[in-house]
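Asks: Pasting a structure here, questions to come.
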Amino acid sequence: MWQRSPLVGLMNTVVLNLEPIAHLTDEQFYQLCVANRDLSLEMNAAGELIIMPPVGGESGNQEADLITDLNNWNRQAKLGKVFSSSTIFILPNGAKRSPDAAWVKLERWEALTAEQRKKFPPLVPDFLIELRSETDRLAPIQEKMQEYIKNGLRLGWLINPQDRQVEIYRLLKAVEVVQMPAIVSGEDILPGFELQV
């Protein structure tokens with residue numbers, strides 16, 4: 001008989017502190033994710049396990065559009081690799097994060113071993129997008145964006161439809177906030193890439 005998972009219907013992010021009992025290695029975290037494919041998991045630098053809720057139809061559609069636009073540009077430019085929100089990156093600080101859309105410069109991707117490319121790539125993307133969904137609180141996403149920057153992200157966009165804003169994060173620069181609708185540019189990181197938001 002089918003049993004309902006206790007996490008079904010959960011619409012808030014859950015943070016579990018595992019440090020009192022265990023410190024998961026990168027391989028153990030990978031195996032945990034493989035064993036729980038129905039959950040969207042991340043881990044912060046402090047070793048806390050983060051269980052994120054699924055997104056609704058509108059957010060899922062917006063995310064798909066972002067990935068499609070980024071991938072269409074990349075197919076023409078042939079400068080890197082595009083990744084979906086299912087991809088977890090191991091950041092230099094040890095956090096394991098999955099942005100909604102990400103791009104890695106081809107040379108950096110090709111410098112990884114075949115094993116590193118198959119599992120969770122140990123690098124911060126060059127560019128990424130986080131899309132705030134209806135269930136997301138803004139402050140944790142902003143903290144996540146700052147974490148990406150501190151770990152070497154070159155350009156990132158936090159798209160916040162609820163407040164009709166886009167926060168643009170750049171390495172070694174203050175956050176720029178633009179009002180929607182707007183056209184945001186990939187600048188010199190993604191030459192020629194523009195997105196209407």
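Each chain in the structure tokens gets a letter, A, B, ..., in the order shown, and its residues are numbered from 1; ligands are numbered from 1 in order too.
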Tell me, as a list in words, which residues lie within 7 Å of Leu91 of chain A, counting only C-alpha atoms; anything in the same chain fewer than 3 positions away does not count.
Replies: Gly94, Ala95, Lys96, Pro122, Leu123, Val124 and Asn151 of chain A
Asks: Within segment 29-193 of chain A, find each residue whose DSSP state, derived from the backbone, is strand (DSSP E or B), and express the selection as a ChimeraX atom specification.
Replies: /A:40-43,48-52,80-84,89-90,96-97,101-105,127-131,155-160,165-170,176-179,183-185
Asks: Between atom CA of Glu147 of chain A and atom CA of Ala174 of chain A, what is the distance, to one decimal in Å?
Replies: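 Between these atoms lies a distance of 13.9 Å.
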Asks: Counting only C-alpha atoms, which residue out of A:Ala77, A:Ile168, A:Leu153, A:Asn160 sits closest to Ala139 of chain A?
Replies: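 Closest residue, counting only C-alpha atoms: A:Asn160.
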Asks: Dump as a Markdown table the rows for residues of segment 67-156 of chain A within 12 Å of segment 27-38 of chain A: closest atom pair and distance in Å with one decimal, only C-alpha atoms counted, ordered by chain and rising residue number.
Replies:
| residue | atom | partner | partner_atom | distance |
| --- | --- | --- | --- | --- |
| A:Ser86 | CA | A:Arg37 | CA | 10.0 |
| A:Thr87 | CA | A:Cys33 | CA | 11.0 |
| A:Ile88 | CA | A:Tyr30 | CA | 9.2 |
| A:Phe89 | CA | A:Tyr30 | CA | 10.8 |
| A:Ile90 | CA | A:Tyr30 | CA | 10.3 |
| A:Gly94 | CA | A:Phe29 | CA | 11.2 |
| A:Ala95 | CA | A:Phe29 | CA | 10.7 |
| A:Lys96 | CA | A:Phe29 | CA | 8.7 |
| A:Arg97 | CA | A:Phe29 | CA | 11.6 |
| A:Glu115 | CA | A:Glu27 | CA | 11.6 |
| A:Gln116 | CA | A:Glu27 | CA | 11.0 |
| A:Lys118 | CA | A:Tyr30 | CA | 10.9 |
| A:Lys119 | CA | A:Tyr30 | CA | 7.3 |
| A:Phe120 | CA | A:Tyr30 | CA | 7.3 |
| A:Pro121 | CA | A:Tyr30 | CA | 10.9 |
| A:Pro122 | CA | A:Glu27 | CA | 11.7 |
Asks: Using only C-alpha atoms, determine which residues lie at most 12 Å from His23 of chain A, disregarding the query and same-chain residues fewer than 3 positions distant; provide the list as JSON, numbers by chain.
Replies: {"A": [17, 18, 19, 20, 26, 27, 28, 29, 43, 44, 45, 46, 47, 48, 49, 94]}
Asks: Mind writing the picked residues with N, CA and C atoms as an mmCIF file, in the first residue's frame?
Replies:
data_model
loop_
_atom_site.group_PDB
_atom_site.id
_atom_site.type_symbol
_atom_site.label_atom_id
_atom_site.label_comp_id
_atom_site.auth_asym_id
_atom_site.auth_seq_id
_atom_site.Cartn_x
_atom_site.Cartn_y
_atom_site.Cartn_z
ATOM 1 N N ASN A 17 20.156 20.710 11.473
ATOM 2 C CA ASN A 17 21.530 20.789 11.943
ATOM 3 C C ASN A 17 22.009 19.368 12.220
ATOM 4 N N LEU A 18 22.898 18.853 11.386
ATOM 5 C CA LEU A 18 23.403 17.489 11.531
ATOM 6 C C LEU A 18 24.689 17.421 12.350
ATOM 7 N N GLU A 19 25.318 18.571 12.595
ATOM 8 C CA GLU A 19 26.635 18.590 13.231
ATOM 9 C C GLU A 19 26.714 17.856 14.570
ATOM 10 N N PRO A 20 25.659 17.875 15.412
ATOM 11 C CA PRO A 20 25.801 17.144 16.671
ATOM 12 C C PRO A 20 26.016 15.634 16.490
ATOM 13 N N ASP A 26 31.596 15.160 1.108
ATOM 14 C CA ASP A 26 30.985 15.428 -0.198
ATOM 15 C C ASP A 26 30.373 14.159 -0.772
ATOM 16 N N GLU A 27 31.067 13.031 -0.638
ATOM 17 C CA GLU A 27 30.564 11.759 -1.163
ATOM 18 C C GLU A 27 29.310 11.311 -0.408
ATOM 19 N N GLN A 28 29.297 11.461 0.914
ATOM 20 C CA GLN A 28 28.115 11.076 1.694
ATOM 21 C C GLN A 28 26.918 11.950 1.334
ATOM 22 N N PHE A 29 27.149 13.249 1.138
ATOM 23 C CA PHE A 29 26.050 14.121 0.731
ATOM 24 C C PHE A 29 25.536 13.705 -0.644
ATOM 25 N N MET A 43 23.247 21.954 1.163
ATOM 26 C CA MET A 43 23.915 21.984 2.456
ATOM 27 C C MET A 43 24.711 23.273 2.528
ATOM 28 N N ASN A 44 24.576 23.983 3.649
ATOM 29 C CA ASN A 44 25.328 25.222 3.776
ATOM 30 C C ASN A 44 26.732 24.939 4.313
ATOM 31 N N ALA A 45 27.550 25.970 4.395
ATOM 32 C CA ALA A 45 28.938 25.807 4.817
ATOM 33 C C ALA A 45 29.050 25.333 6.262
ATOM 34 N N ALA A 46 28.026 25.571 7.071
ATOM 35 C CA ALA A 46 28.032 25.128 8.467
ATOM 36 C C ALA A 46 27.660 23.649 8.601
ATOM 37 N N GLY A 47 27.332 22.991 7.483
ATOM 38 C CA GLY A 47 26.973 21.581 7.519
ATOM 39 C C GLY A 47 25.512 21.317 7.782
ATOM 40 N N GLU A 48 24.674 22.364 7.725
ATOM 41 C CA GLU A 48 23.245 22.176 7.923
ATOM 42 C C GLU A 48 22.603 21.699 6.620
ATOM 43 N N LEU A 49 21.764 20.686 6.726
ATOM 44 C CA LEU A 49 21.051 20.140 5.581
ATOM 45 C C LEU A 49 19.816 20.988 5.330
ATOM 46 N N GLY A 94 32.730 24.814 0.981
ATOM 47 C CA GLY A 94 32.153 23.531 1.384
ATOM 48 C C GLY A 94 30.644 23.443 1.232
#
Asks: For each of A:Val178, A:Leu138, A:Met145, A:Val14, take the minimum atom-to-atom distance to Gln162 of chain A, counting only C-alpha atoms, then give the residue where this is smallest.
Replies: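 Of the candidates, the smallest distance to Gln162 of chain A is held by A:Leu138.
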Asks: Using only C-alpha atoms, find each residue in segment 26-133 of chain A having at least one atom no more than 8 Å away from segment 188-194 of chain A; report its shortest atom-to-atom pair and that distance in Å (one decimal), rows by chain then rising number, as JSON lines.
Replies:
{"residue": "A:Leu70", "atom": "CA", "partner": "A:Phe193", "partner_atom": "CA", "distance": 7.6}
{"residue": "A:Trp73", "atom": "CA", "partner": "A:Phe193", "partner_atom": "CA", "distance": 6.3}
{"residue": "A:Asp126", "atom": "CA", "partner": "A:Ile189", "partner_atom": "CA", "distance": 7.5}
{"residue": "A:Phe127", "atom": "CA", "partner": "A:Ile189", "partner_atom": "CA", "distance": 7.4}
Asks: Can you write out the residues you just picked, keeping C-alpha atoms, as a PDB file, in the first residue's frame?
Replies:
ATOM      1  CA  LEU A  70      20.344  31.052 -21.330  1.00  0.00           C
ATOM      2  CA  TRP A  73      22.324  32.071 -26.120  1.00  0.00           C
ATOM      3  CA  ASP A 126      30.615  32.003 -13.433  1.00  0.00           C
ATOM      4  CA  PHE A 127      27.001  33.164 -13.798  1.00  0.00           C
TER       5      PHE A 127
END
Asks: Write out as a list of chain:residue names the set of residues from segment 88-164 of chain A that DSSP, computed on the backbone, places in helix (DSSP H, G or I).
Replies: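 So, restricting segment 88-164 of chain A to helix (DSSP H, G or I), we get A:Leu106, A:Glu107, A:Arg108, A:Trp109, A:Glu110, A:Ala114, A:Glu115, A:Gln116, A:Arg117, A:Lys118, A:Leu138, A:Ala139, A:Pro140, A:Ile141, A:Gln142, A:Glu143, A:Lys144, A:Met145, A:Gln146, A:Glu147, A:Tyr148, A:Ile149, A:Lys150.
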Asks: Considering only C-alpha atoms, can you say which of A:Leu158, A:Ile183, A:Lys173, A:Pro92 comes closest to Ile129 of chain A?
Replies: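 With only C-alpha atoms as the atom set, the closest residue is A:Leu158.
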Asks: Can you measure atom CA of Gln76 of chain A to atom CA of Asn61 of chain A for me? One decimal in Å is fine.
Replies: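 Atom CA of Asn61 of chain A lies at a distance of 22.9 Å from atom CA of Gln76 of chain A.
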